[in-house]
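Peer 1: Got data-v5.cif for you, mmCIF, C-alpha atoms:
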data_upload
#
loop_
_atom_site.label_atom_id
_atom_site.label_comp_id
_atom_site.auth_asym_id
_atom_site.auth_seq_id
_atom_site.Cartn_x
_atom_site.Cartn_y
_atom_site.Cartn_z
CA MET A 1 74.90 124.61 90.42
CA LYS A 2 75.38 122.63 93.63
CA LYS A 3 78.28 120.17 93.53
CA LEU A 4 77.12 116.78 94.76
CA LEU A 5 80.26 114.66 94.32
CA SER A 6 83.94 115.50 94.55
CA ARG A 7 87.25 113.73 95.07
CA PRO A 8 87.78 112.73 98.70
CA LYS A 9 90.52 114.65 100.49
CA SER A 10 92.04 111.27 101.37
CA LEU A 11 92.66 110.48 97.67
CA LYS A 12 95.44 112.15 95.69
CA ASP A 13 94.47 113.93 92.47
CA VAL A 14 96.06 111.33 90.19
CA VAL A 15 94.78 108.75 87.71
CA PHE A 16 94.54 105.14 88.87
CA SER A 17 96.81 102.75 86.96
CA TYR A 18 94.74 99.63 87.63
CA CYS A 19 93.54 97.44 84.76
CA PRO A 20 90.15 98.24 83.18
CA GLY A 21 87.35 96.84 85.31
CA CYS A 22 89.53 96.26 88.38
CA GLY A 23 87.80 96.85 91.70
CA HIS A 24 90.78 98.36 93.51
CA GLY A 25 89.95 101.90 92.40
CA ILE A 26 86.37 101.62 93.67
CA ILE A 27 87.52 100.15 96.97
CA GLN A 28 90.15 102.81 97.54
CA ARG A 29 87.59 105.49 96.77
CA ILE A 30 85.13 104.25 99.41
CA VAL A 31 87.94 103.71 101.93
CA ALA A 32 89.02 107.33 101.36
CA GLU A 33 85.42 108.56 101.67
CA SER A 34 85.04 106.68 104.95
CA ILE A 35 88.22 108.20 106.36
CA ASP A 36 87.01 111.67 105.39
CA ASP A 37 83.55 111.03 106.84
CA LEU A 38 85.08 110.01 110.17
CA ASP A 39 87.65 112.85 110.11
CA LEU A 40 90.57 110.43 110.38
CA ARG A 41 92.92 111.65 107.64
CA GLU A 42 95.41 113.49 109.85
CA LYS A 43 95.84 110.52 112.19
CA THR A 44 95.73 107.63 109.68
CA ILE A 45 98.61 105.27 108.92
CA ALA A 46 97.95 102.56 106.33
CA VAL A 47 100.10 99.51 105.62
CA ALA A 48 100.37 98.17 102.07
CA PRO A 49 102.07 94.92 101.01
CA VAL A 50 103.37 93.40 97.78
CA GLY A 51 100.93 92.79 94.92
CA CYS A 52 98.36 95.08 93.28
CA ALA A 53 97.60 96.50 96.74
CA VAL A 54 101.11 97.97 96.90
CA PHE A 55 100.02 100.88 94.72
CA ALA A 56 97.83 102.19 97.54
CA TYR A 57 100.55 104.60 98.59
CA ASP A 58 100.35 106.24 95.16
CA TYR A 59 96.68 107.10 95.67
CA PHE A 60 95.90 107.55 99.36
CA ASN A 61 96.50 111.07 100.60
CA PHE A 62 97.73 110.15 104.06
CA ASP A 63 100.66 108.24 105.52
CA VAL A 64 101.14 104.79 103.97
CA THR A 65 104.04 102.47 104.71
CA GLU A 66 104.99 99.33 102.81
CA ALA A 67 105.48 95.95 104.49
CA PRO A 68 107.20 92.81 103.20
CA HIS A 69 104.91 90.35 101.44
CA GLY A 70 102.31 89.04 103.91
CA ARG A 71 103.53 91.04 106.89
CA PRO A 72 101.13 94.02 107.08
CA PRO A 73 99.27 92.76 110.19
CA ALA A 74 102.58 92.45 112.05
CA VAL A 75 103.72 95.89 110.91
CA ALA A 76 100.33 97.40 111.75
CA THR A 77 100.51 95.81 115.20
CA GLY A 78 103.85 97.49 115.87
CA ILE A 79 102.63 100.87 114.63
CA LYS A 80 99.41 100.72 116.65
CA ARG A 81 101.07 99.57 119.86
CA THR A 82 103.68 102.33 119.70
CA ASN A 83 101.19 104.94 118.47
CA PRO A 84 97.85 104.03 120.09
CA ASP A 85 96.38 107.41 119.20
CA LYS A 86 96.78 106.72 115.45
CA PHE A 87 94.22 105.06 113.20
CA VAL A 88 95.93 102.05 111.57
CA PHE A 89 94.65 99.78 108.82
CA THR A 90 96.12 97.35 106.31
CA TYR A 91 95.12 97.06 102.66
CA GLN A 92 95.82 93.53 101.37
CA GLY A 93 95.09 91.11 98.55
CA ASP A 94 94.21 87.43 98.83
CA GLY A 95 97.65 86.04 98.00
CA ASP A 96 99.26 88.36 100.53
CA ILE A 97 96.87 87.86 103.42
CA ALA A 98 95.86 84.21 102.96
CA ALA A 99 99.08 82.65 101.65
CA ILE A 100 102.45 83.96 102.79
CA GLY A 101 100.81 86.19 105.40
CA ILE A 102 98.25 83.84 106.90
CA ALA A 103 100.28 83.31 110.07
CA GLU A 104 100.55 87.05 110.72
CA THR A 105 96.84 87.46 110.03
CA ILE A 106 95.76 84.69 112.38
CA HIS A 107 98.04 85.76 115.22
CA ALA A 108 97.07 89.45 114.99
CA ALA A 109 93.42 88.39 115.09
CA ASN A 110 94.02 85.94 117.93
CA ARG A 111 95.66 88.68 119.99
CA GLY A 112 92.72 90.96 119.30
CA GLU A 113 94.91 93.76 117.98
CA ASN A 114 92.94 96.99 117.66
CA ILE A 115 93.58 97.34 113.93
CA THR A 116 91.43 97.11 110.80
CA ILE A 117 92.17 94.96 107.75
CA ILE A 118 90.76 95.68 104.29
CA PHE A 119 91.07 92.39 102.41
CA VAL A 120 90.55 92.48 98.63
CA ASN A 121 89.61 89.02 97.35
CA ASN A 122 89.82 88.58 93.58
CA ALA A 123 90.63 84.85 93.69
CA ASN A 124 93.98 85.03 91.91
CA TYR A 125 97.46 86.57 91.93
CA GLY A 126 96.51 89.50 89.73
CA MET A 127 99.81 91.36 89.60
CA THR A 128 102.00 88.43 88.60
CA GLY A 129 99.83 86.96 85.86
CA GLY A 130 96.74 85.29 87.29
CA GLN A 131 98.11 82.27 89.13
CA MET A 132 95.98 80.28 91.59
CA ALA A 133 95.58 81.97 94.97
CA PRO A 134 94.40 80.49 98.29
CA THR A 135 90.93 81.85 97.48
CA SER A 136 90.68 80.53 93.90
CA LEU A 137 87.44 78.60 93.40
CA ILE A 138 87.12 74.86 92.80
CA GLY A 139 87.27 74.38 89.04
CA GLN A 140 88.60 77.91 88.44
CA VAL A 141 91.03 78.12 85.55
CA THR A 142 94.18 80.09 86.35
CA GLU A 143 97.69 80.26 84.92
CA THR A 144 98.77 77.48 87.30
CA THR A 145 95.52 75.47 87.14
CA PRO A 146 94.81 75.30 83.38
CA PHE A 147 92.30 72.47 83.92
CA GLY A 148 90.66 74.14 86.90
CA ARG A 149 91.46 74.04 90.60
CA ASP A 150 91.34 70.43 91.78
CA PRO A 151 90.84 70.02 95.54
CA LYS A 152 92.74 66.72 95.50
CA ASN A 153 95.88 68.47 94.31
CA ASP A 154 95.32 72.10 95.30
CA GLY A 155 93.15 72.00 98.39
CA TYR A 156 90.00 74.03 98.91
CA PRO A 157 89.51 77.82 98.84
CA ILE A 158 90.39 79.40 102.17
CA LYS A 159 87.44 81.30 103.60
CA LEU A 160 89.36 83.67 105.82
CA CYS A 161 86.41 85.32 107.54
CA GLU A 162 84.96 81.98 108.58
CA LEU A 163 88.40 80.83 109.73
CA LEU A 164 88.99 83.93 111.85
CA SER A 165 85.47 83.83 113.25
CA LYS A 166 86.47 80.86 115.40
CA LEU A 167 89.01 82.97 117.27
CA GLU A 168 87.65 84.43 120.49
CA ALA A 169 89.32 87.83 120.09
CA THR A 170 87.94 88.76 116.65
CA VAL A 171 85.22 91.40 116.94
CA TYR A 172 83.83 92.25 113.50
CA LEU A 173 84.12 90.27 110.24
CA GLU A 174 82.03 90.90 107.13
CA ARG A 175 82.22 89.90 103.47
CA VAL A 176 81.01 92.42 100.90
CA SER A 177 81.41 93.04 97.17
CA VAL A 178 81.85 95.93 94.74
CA HIS A 179 80.39 94.43 91.57
CA ASN A 180 77.34 96.70 91.43
CA PRO A 181 76.17 100.02 92.95
CA GLN A 182 74.03 98.46 95.70
CA ASN A 183 76.92 96.33 96.91
CA ILE A 184 79.35 99.24 96.70
CA MET A 185 77.13 101.20 99.07
CA ASN A 186 76.93 98.22 101.41
CA ALA A 187 80.72 97.81 101.28
CA LYS A 188 81.19 101.41 102.36
CA ARG A 189 78.80 100.86 105.28
CA ALA A 190 80.82 97.83 106.40
CA ILE A 191 84.13 99.68 106.09
CA ARG A 192 82.83 102.56 108.17
CA LYS A 193 81.60 100.16 110.81
CA ALA A 194 84.99 98.43 110.95
CA PHE A 195 86.75 101.78 111.23
CA GLN A 196 84.40 102.81 114.03
CA CYS A 197 85.20 99.54 115.78
CA GLN A 198 88.84 100.61 115.99
CA ILE A 199 87.98 104.17 116.99
CA ASP A 200 85.92 102.77 119.87
CA GLN A 201 88.86 100.50 120.83
CA LYS A 202 86.79 97.35 120.51
CA GLY A 203 89.46 95.27 118.83
CA PHE A 204 90.22 93.38 115.63
CA SER A 205 88.06 93.84 112.53
CA LEU A 206 88.38 92.67 108.93
CA ILE A 207 86.32 93.47 105.85
CA GLU A 208 86.67 91.02 102.96
CA ILE A 209 85.75 92.63 99.64
CA ILE A 210 84.98 90.48 96.60
CA SER A 211 86.48 92.34 93.64
CA ASN A 212 86.70 92.07 89.86
CA CYS A 213 89.93 91.01 88.13
CA PRO A 214 88.92 90.87 84.45
CA ILE A 215 92.48 90.50 83.14
CA GLY A 216 93.39 87.72 85.57
CA TRP A 217 90.09 85.98 84.86
CA SER A 218 90.39 86.48 81.06
CA MET A 219 87.00 88.21 80.92
CA THR A 220 85.55 91.53 79.93
CA PRO A 221 84.66 93.83 82.84
CA LEU A 222 80.94 93.17 82.31
CA ALA A 223 81.45 89.42 82.15
CA SER A 224 83.49 89.57 85.36
CA MET A 225 80.62 91.27 87.19
CA LYS A 226 78.24 88.57 85.99
CA TRP A 227 80.71 85.86 87.07
CA ILE A 228 80.86 87.31 90.57
CA GLU A 229 77.07 87.26 90.83
CA GLU A 230 76.52 83.82 89.30
CA VAL A 231 79.62 81.89 90.44
CA PHE A 232 81.92 83.63 92.92
CA LEU A 233 79.31 84.48 95.52
CA LYS A 234 78.12 80.86 95.68
CA SER A 235 81.51 79.92 97.15
CA PHE A 236 81.97 83.14 99.11
CA PRO A 237 78.50 84.29 100.24
CA LEU A 238 78.16 87.87 101.36
CA GLY A 239 77.14 88.93 104.84
CA VAL A 240 78.24 89.51 108.40
CA ILE A 241 80.32 86.56 109.57
CA LYS A 242 80.84 87.79 113.15
CA ASP A 243 79.79 90.90 115.03
CA LYS A 244 80.65 91.41 118.70
CA THR A 245 80.64 95.21 118.53
CA GLN A 246 77.54 95.51 120.71
CA LEU A 247 78.88 93.01 123.22
CA ASN A 248 82.06 95.07 123.55
CA ALA A 249 80.20 98.35 123.97
#
Have the structure of the file written as structure tokens, please.
Peer 2:
Amino acid sequence: MKKLLSRPKSLKDVVFSYCPGCGHGIIQRIVAESIDDLDLREKTIAVAPVGCAVFAYDYFNFDVTEAPHGRPPAVATGIKRTNPDKFVFTYQGDGDIAAIGIAETIHAANRGENITIIFVNNANYGMTGGQMAPTSLIGQVTETTPFGRDPKNDGYPIKLCELLSKLEATVYLERVSVHNPQNIMNAKRAIRKAFQCQIDQKGFSLIEIISNCPIGWSMTPLASMKWIEEVFLKSFPLGVIKDKTQLNA
């Protein structure tokens, strides 16, 4: 019998510890597949922060270093500048990249650093109990917004791709999702394109991935997928936000 699917070499043979229905396992699988497809494993260095994303080093089968909360783009910049032959990407959640780390993110993008950011957006602080994050939706109930996010008190959701798209040096920005098979396949395509952008030395790329957090959202996994489709994507529509890859060819 021909084997059609196997564990990527870039994933360790261990069981994920993420909550049931969480999208991190899916995302890390397609990141690992993309690295294998592009034959990058022996030259890859990933940077993981604080939060659910920190567990990446337990699952990726290549070099992964940990950065202080919010600082992965700065750490990745240092690694890439001192090791330009390496493939460097960060793996970050919304609280990390859009709250405490938003300055590092904006400045790395503004400098056009030749790194790739994988940004997992699940609209809450999943690891610490489901508090409001910079990406939480208007009206969304969280541990710190029990009556729903109120823009008068809490501001509006930060749409990071749209924000970074205004910077001249950003090359490729796309928002994807992993809430169904079709979107998972599209997310892998976008990740591969972002990785190729770095390989071709075209500059800064970021893929924002809308992901389930059933525990943080107080939903079943199936209900969380439906909520992404019916609610989440209305505030964070999918698609290419900016693509200068052909211009930089």
Peer 1: Between A:Ala169, A:Val231, A:Cys19, A:Val88, which is the closest to Pro214 of chain A once you count all atoms listed in the file?
Peer 2: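 With all atoms listed in the file as the atom set, the closest residue is A:Cys19.
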Peer 1: Please report, as CSV, each residue of segment 73-128 of chain A lying at most 10 Å from segment 197-203 of chain A, together with the nearest pair of atoms and the separation in Å rounded to one decimal; use all atoms listed in the file, and order rows by chain and ascending residue number.
Peer 2:
residue,atom,partner,partner_atom,distance
A:Pro84,CA,A:Gln201,CA,9.7
A:Asp85,CA,A:Ile199,CA,9.3
A:Lys86,CA,A:Ile199,CA,9.3
A:Phe87,CA,A:Ile199,CA,7.4
A:Val88,CA,A:Gln198,CA,8.5
A:Phe89,CA,A:Gln198,CA,9.3
A:Ala109,CA,A:Gly203,CA,8.8
A:Arg111,CA,A:Gly203,CA,9.1
A:Gly112,CA,A:Gly203,CA,5.4
A:Glu113,CA,A:Gly203,CA,5.7
A:Asn114,CA,A:Gly203,CA,4.1
A:Ile115,CA,A:Gln198,CA,6.1
A:Thr116,CA,A:Gln198,CA,6.8
Peer 1: So how far away is atom CA of Ser165 of chain A from atom CA of Asn212 of chain A, in Å?
Peer 2: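 Separation between atom CA of Asn212 of chain A and atom CA of Ser165 of chain A: 24.8 Å.
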Peer 1: Can you list what the PyMOL selection byres ((chain A and resi 216) around 10) grabs from this structure, as a PDB file with C-alpha atoms, in the frame of the given file?
Peer 2:
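Contents of the output file part.pdb:
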ATOM      1  CA  CYS A  19      93.540  97.440  84.760  1.00  0.00           C
ATOM      2  CA  CYS A  22      89.530  96.260  88.380  1.00  0.00           C
ATOM      3  CA  ASN A 122      89.820  88.580  93.580  1.00  0.00           C
ATOM      4  CA  ALA A 123      90.630  84.850  93.690  1.00  0.00           C
ATOM      5  CA  ASN A 124      93.980  85.030  91.910  1.00  0.00           C
ATOM      6  CA  TYR A 125      97.460  86.570  91.930  1.00  0.00           C
ATOM      7  CA  GLY A 126      96.510  89.500  89.730  1.00  0.00           C
ATOM      8  CA  MET A 127      99.810  91.360  89.600  1.00  0.00           C
ATOM      9  CA  THR A 128     102.000  88.430  88.600  1.00  0.00           C
ATOM     10  CA  GLY A 129      99.830  86.960  85.860  1.00  0.00           C
ATOM     11  CA  GLY A 130      96.740  85.290  87.290  1.00  0.00           C
ATOM     12  CA  GLN A 131      98.110  82.270  89.130  1.00  0.00           C
ATOM     13  CA  MET A 132      95.980  80.280  91.590  1.00  0.00           C
ATOM     14  CA  VAL A 141      91.030  78.120  85.550  1.00  0.00           C
ATOM     15  CA  THR A 142      94.180  80.090  86.350  1.00  0.00           C
ATOM     16  CA  GLU A 143      97.690  80.260  84.920  1.00  0.00           C
ATOM     17  CA  ASN A 212      86.700  92.070  89.860  1.00  0.00           C
ATOM     18  CA  CYS A 213      89.930  91.010  88.130  1.00  0.00           C
ATOM     19  CA  PRO A 214      88.920  90.870  84.450  1.00  0.00           C
ATOM     20  CA  ILE A 215      92.480  90.500  83.140  1.00  0.00           C
ATOM     21  CA  TRP A 217      90.090  85.980  84.860  1.00  0.00           C
ATOM     22  CA  SER A 218      90.390  86.480  81.060  1.00  0.00           C
ATOM     23  CA  MET A 219      87.000  88.210  80.920  1.00  0.00           C
TER      24      MET A 219
END
Peer 1: Mind running segment 22-44 of chain A against segment 4-13 of chain A at 10 Å and telling me each contacting residue's nearest atom pair with the distance in Å (one decimal), counting all atoms listed in the file, chain and number ascending, as CSV?
Peer 2:
residue,atom,partner,partner_atom,distance
A:Gln28,CA,A:Leu11,CA,8.1
A:Arg29,CA,A:Leu11,CA,7.2
A:Ile30,CA,A:Pro8,CA,8.9
A:Val31,CA,A:Ser10,CA,8.6
A:Ala32,CA,A:Ser10,CA,5.0
A:Glu33,CA,A:Pro8,CA,5.6
A:Ser34,CA,A:Ser10,CA,9.1
A:Ile35,CA,A:Ser10,CA,7.0
A:Asp36,CA,A:Ser10,CA,6.5
A:Asp37,CA,A:Pro8,CA,9.3
A:Asp39,CA,A:Ser10,CA,9.9
A:Leu40,CA,A:Ser10,CA,9.2
A:Arg41,CA,A:Ser10,CA,6.3
A:Glu42,CA,A:Ser10,CA,9.4
A:Thr44,CA,A:Ser10,CA,9.8
Peer 1: Could the residues in this selection be saved with C-alpha atoms as a CSV table (one decimal), in the frame of the given file?
Peer 2:
chain,number,residue,atom,x,y,z
A,28,GLN,CA,90.2,102.8,97.5
A,29,ARG,CA,87.6,105.5,96.8
A,30,ILE,CA,85.1,104.2,99.4
A,31,VAL,CA,87.9,103.7,101.9
A,32,ALA,CA,89.0,107.3,101.4
A,33,GLU,CA,85.4,108.6,101.7
A,34,SER,CA,85.0,106.7,105.0
A,35,ILE,CA,88.2,108.2,106.4
A,36,ASP,CA,87.0,111.7,105.4
A,37,ASP,CA,83.6,111.0,106.8
A,39,ASP,CA,87.6,112.8,110.1
A,40,LEU,CA,90.6,110.4,110.4
A,41,ARG,CA,92.9,111.6,107.6
A,42,GLU,CA,95.4,113.5,109.8
A,44,THR,CA,95.7,107.6,109.7
Peer 1: Return the single residue from A:Lys166, A:Lys226, A:Lys193, A:Lys188 that is closest to Thr245 of chain A, with distances computed using only C-alpha atoms.
Peer 2: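 Between A:Lys166, A:Lys226, A:Lys193, A:Lys188, the residue approaching Thr245 of chain A most closely is A:Lys193.
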Peer 1: Which residues fall under the PyMOL selection byres ((chain A and resi 154) around 10) in this file, as a PyMOL selection string?
Peer 2: chain A and resi 132-134+136+138+145+148-153+155-157
Peer 1: Work out how far atom CA of Asn83 of chain A is from atom CA of Tyr57 of chain A, in Å to one decimal.
Peer 2: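 Distance reported for this atom pair: 19.9 Å.
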Peer 1: Which is closest to Ala223 of chain A among A:Glu174, A:Gly25, A:Asp96, A:His179, if we use all atoms listed in the file?
Peer 2: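 The shortest atom-to-atom distance to Ala223 of chain A comes from A:His179.
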Peer 1: Kindly indicate which residue among A:Ile102, A:Val64, A:Val75, A:Ile118 lies nearest to Lys43 of chain A, using only C-alpha atoms for the distances.
Peer 2: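 Ranked by minimum distance to Lys43 of chain A, first place goes to A:Val64.
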Peer 1: By how many Å are atom CA of Leu247 of chain A and atom CA of Lys159 of chain A apart?
Peer 2: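 Spanning atom CA of Leu247 of chain A to atom CA of Lys159 of chain A is a straight-line distance of 24.4 Å.
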